[in-house]
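The structure under discussion appears below in the form of structure tokens.
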Amino acid sequence: MKYQSTRDLSCKKYSSAQIIKQGIANDGGLFIPESIPALSKDEISELCGLSYPERAAKILSKFLDDYTYEELLQDCHAAYSESSFVGGAAPLVNVHDNIYSLELWHGPTAAFKDMALQIMPRLLSRSLTKTGEDKTAVILVATSGDTGKAALEGYKDIDKIKIMVFYPVDGVSRVQKLQMATQTGDNVNVCAIKGNFDDAQTGVKNIFANSEVSKKLAENGYFLSSANSINWGRLAPQIVYYISAYCDLISSKDIKMGETVNVCVPTGNFGNIFAAYIAKLMGLPIGKLICASNTNNILTDFLRTGVYDRNRDFHLTMSPSMDILISSNLERLLCFSAGIEKTVGYMKSLNETGRYEIDDEVKAKIASDFVGYFADEEATAKAIKDNYDKYGYLCDTHTAVALDSARQYIEQTGDNTKIIVDSTASPYKFAADVYNSLTEKTPEDALEALDMLSSYTNTEIAYPLKNLAQRKVRFDEVIEAEDMLSAVYSYIDIK
Ligand SMILES: *Cc1c(COP(=O)(O)O)cnc(C)c1O
């Protein structure tokens with residue numbers, strides 16, 4: 001299985017180990033598989049009898065053939081262990097009638113990014129060996145909160161890798177700050193900077209762009225790498241849980257083999273829903289892919305009109321991980337639907353004008369798989385309350401956007417097909433907004449909100465967020481943004 005760039009008309013091929021190490025193509029495009037491996041009904045039946053790590057290793061081995069099945073199985077067992085994913089890696093819960101919630105947040109940071117970030121660093125570590133790389137990778141991350149913690153948990157204590165995370169000292173919540181400051185692991189470092197998220201991100205970008213820096217790092221046995229969400233190594237593990245959920249529906253006799261299901265995904269960067277699309281192309285019987293957005297509904301507009309236009313207001317919402325105006329992974333779908341030549345044109349136009357428009361043929365092709373819905377803040381809060389009051393199902397703000405979109409889809413189409421709705425974060429990750437949606441009262445403090453939500457709903461706080469205040473703080477340094485490079489040097493002992 002080889003890979004190619006979404007922007008390369010000559011279709012140069014790369015191996016799976018190479019693209020995981022490299023992350024993004026040199027022409028700025030994203031790596032996609034040259035063909036999609038098939039998944040037969042017999043294979044689905046066989047997967048039904050396996051554990052999540054075994055299912056994951058089987059499916060990943062179709063895409064990542066530089067890795068042996070034994071290597072993948074070992075990594076999947078380590079990534080999706082019972083101790084990291086308490087209550088299972090991706091349990092499926094029937095919320096009501098035809099609606100099933102695929103809970104992807106039982107991992108170490110209580111959000112769905114763990115599903116990819118627990119495995120991808122292990123794949124990266126192996127890819128360094130496989131590509132003959134003798135230097136140690138230094139992962140630099142600028143975070144506004146959640147990605148930093150998920151990356152720290154994923155990369156901690158992985159061979160041949162060190163990770164350093166920068167966050168704006170006043171730009172993350174108290175819970176997020178505590179989560180990062182108390183991070184364990186021998187190869188991790190966390191540093192707060194005076195400034196906002198953009199300052200942190202600019203600082204990291206400048207370090208990446210500085211050729212003096214890469215030279216000096218190379219002399220000392222290091223190279224820079226990113227934990228970016230457009231890496232195929234983060235996308236491939238997300239294909240697994242759609243297939244796994246289908247197996248679970250068969251095992252529980254909720255569906256018959258071959259029966260079609262729909263999938264509804266709370267979407268930001270279009271990574272998660274794109275993974276569902278790949279599962280469909282492999283042969284998993286998926287009907288519609290319902291793309292759910294919050295008030296930043298650029299994708300809803302795109303799917304309905306064929307125009308992608310980022311020249312619009314940006315809204316801060318209670319589902320912040322979906323507050324995005326550039327959905328990078330959409331480029332992969334464009335490439336599959338329109339081909340490389342048109343995709344290059346769309347991306348050029350996006351770059352120059354912030355806008356592109358797909359033609360009718362491409363639009364019809366995308367519309368045969370995808371539909372778009374969105375929930376504004378009011379609808380999101382109502383979905384949290386309704387699902388709790390009517391069905392006893394407690395969900396976070398992102399999941400609520402998807403549950404409301406699924407409701408709208410059923411109402412408008414009358415389609416009775418069962419829907420797998422991705423649940424992407426624990427309700428405790430966004431406890432204050434969830435509590436407020438249920439009670440119309442606003443907790444004063446984010447830590448207190450955890451306890452208030454727990455006693456109001458009589459549910460347990462997700463394990464990664466328990467007893468945060470009692471954990472040992474390991475990282476309390478606050479630096480000026482212009483000192484970020486010297487902080488990196490000092491962390492890896494370069495003078
Ligand atoms: C990242 C994230 C999303 C969006 O996923 P994409 O792959 O970027 O579309 C949704 N919900 C939560 C909680 C997230 O962290």
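Residues are named by chain letter and number: chains run A, B, ... in the order of the structure tokens, numbers start at 1 in each chain, and ligands are numbered from 1 in the order shown.
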Problem - ligand 1 neighbours within 8 Å using only C-alpha atoms and all ligand atoms, as a PyMOL selection string - result: chain A and resi 111-113+146-147+229+265-274+319-322+327+398-399+423-425
Practice task
Name all residues at most 12 Å from Phe208 in chain A (count only C-alpha atoms; drop same-chain ones fewer than 2 positions away) and give them as a PyMOL selection string.
Solution key: chain A and resi 138-142+201-206+210-215+217+223-226+484-485+488
Problem - Counting only C-alpha atoms, the option among A:Leu72, A:Leu235, A:Ala406, A:Met452 closest to Ser293 in chain A - result: A:Ala406
Exercise for the section: Quick one: pick out all helix (DSSP H, G or I) residues within range 141-278 of chain A from a backbone DSSP run and write them as an NGL selection string. Expected result: :A and (146-155 or 174-181 or 197-209 or 211-219 or 232-251 or 271-278)
Problem - Nearest to Asp114 in chain A, chosen from A:Arg234, A:Lys256, A:Lys429, A:Lys2, with only C-alpha atoms counted in the distances - result: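 Answer, going by the shortest atom-to-atom distance: A:Arg234.
For range 108-192 of chain A, backbone-based DSSP labels the following residues as strand (DSSP E or B): Ala111, Thr136, Ala137, Val138, Ile139, Leu140, Val141, Ala142, Ile161, Lys162, Ile163, Met164, Val165, Phe166, Tyr167, Pro168, Val188, Asn189, Val190, Cys191 and Ala192 of chain A.
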Problem - Pick from A:Ser337, A:Ser15, A:Asn387, A:Asn228 nearest to Arg407 in chain A, counting only C-alpha atoms - result: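 Once distances to Arg407 in chain A are computed over only C-alpha atoms, the minimum belongs to A:Asn387.
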Exercise for the section: Identify which of the residues A:Ile243, A:Ile163, A:Ala400, A:Leu330 lies closest to Ile44 in chain A, counting only C-alpha atoms when measuring atom-to-atom distances. Expected result: A:Ile243
Practice task
Work out how far CA of Gly372 in chain A is from CA of Ile298 in chain A, in Å to one decimal.
Solution key: 9.7 Å
Shell of 10 Å around range 356-364 of chain A, only C-alpha atoms, local chain residues under 5 positions omitted, as a compact mmCIF listing (two decimals) with C-alpha atoms, in the first residue's frame:
# COMPACT_ATOMS: atom_id res chain seq x y z
CA PHE A 302 -20.51 23.97 1.70
CA LEU A 303 -22.46 20.72 1.61
CA ARG A 304 -25.69 22.54 0.78
CA THR A 305 -24.41 25.07 -1.79
CA GLY A 306 -21.05 23.80 -3.06
CA VAL A 307 -19.40 27.06 -1.98
CA TYR A 308 -16.67 27.02 0.68
CA ASP A 309 -16.22 30.57 1.95
CA ARG A 310 -14.19 31.39 5.03
CA LEU A 334 -12.05 16.91 -2.65
CA PHE A 336 -11.30 11.64 -3.90
CA SER A 337 -14.34 13.35 -5.46
CA ALA A 338 -12.84 15.79 -7.96
CA GLY A 339 -9.33 14.47 -8.66
CA LYS A 342 -9.34 20.35 -9.61
CA THR A 343 -8.24 20.04 -5.97
CA GLY A 345 -7.26 24.74 -8.20
CA TYR A 346 -9.65 24.82 -5.23
CA MET A 347 -6.78 25.06 -2.75
CA LYS A 348 -5.13 27.82 -4.74
CA SER A 349 -8.39 29.74 -4.76
CA LEU A 350 -8.89 29.17 -1.01
CA ASN A 351 -5.41 30.48 -0.39
CA ASP A 369 -22.53 10.41 0.66
CA PHE A 370 -22.71 13.55 2.83
Exercise for the section: Between CA of Ala137 in chain A and CA of Ala79 in chain A, measure the distance and give it in Å to one decimal. Expected result: 19.7 Å
Exercise for the section: Quote the spacing between CA of Ser455 in chain A and CA of Val401 in chain A in Å to one decimal place. Expected result: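 So the two atoms, CA of Ser455 in chain A and CA of Val401 in chain A, lie 24.3 Å apart.
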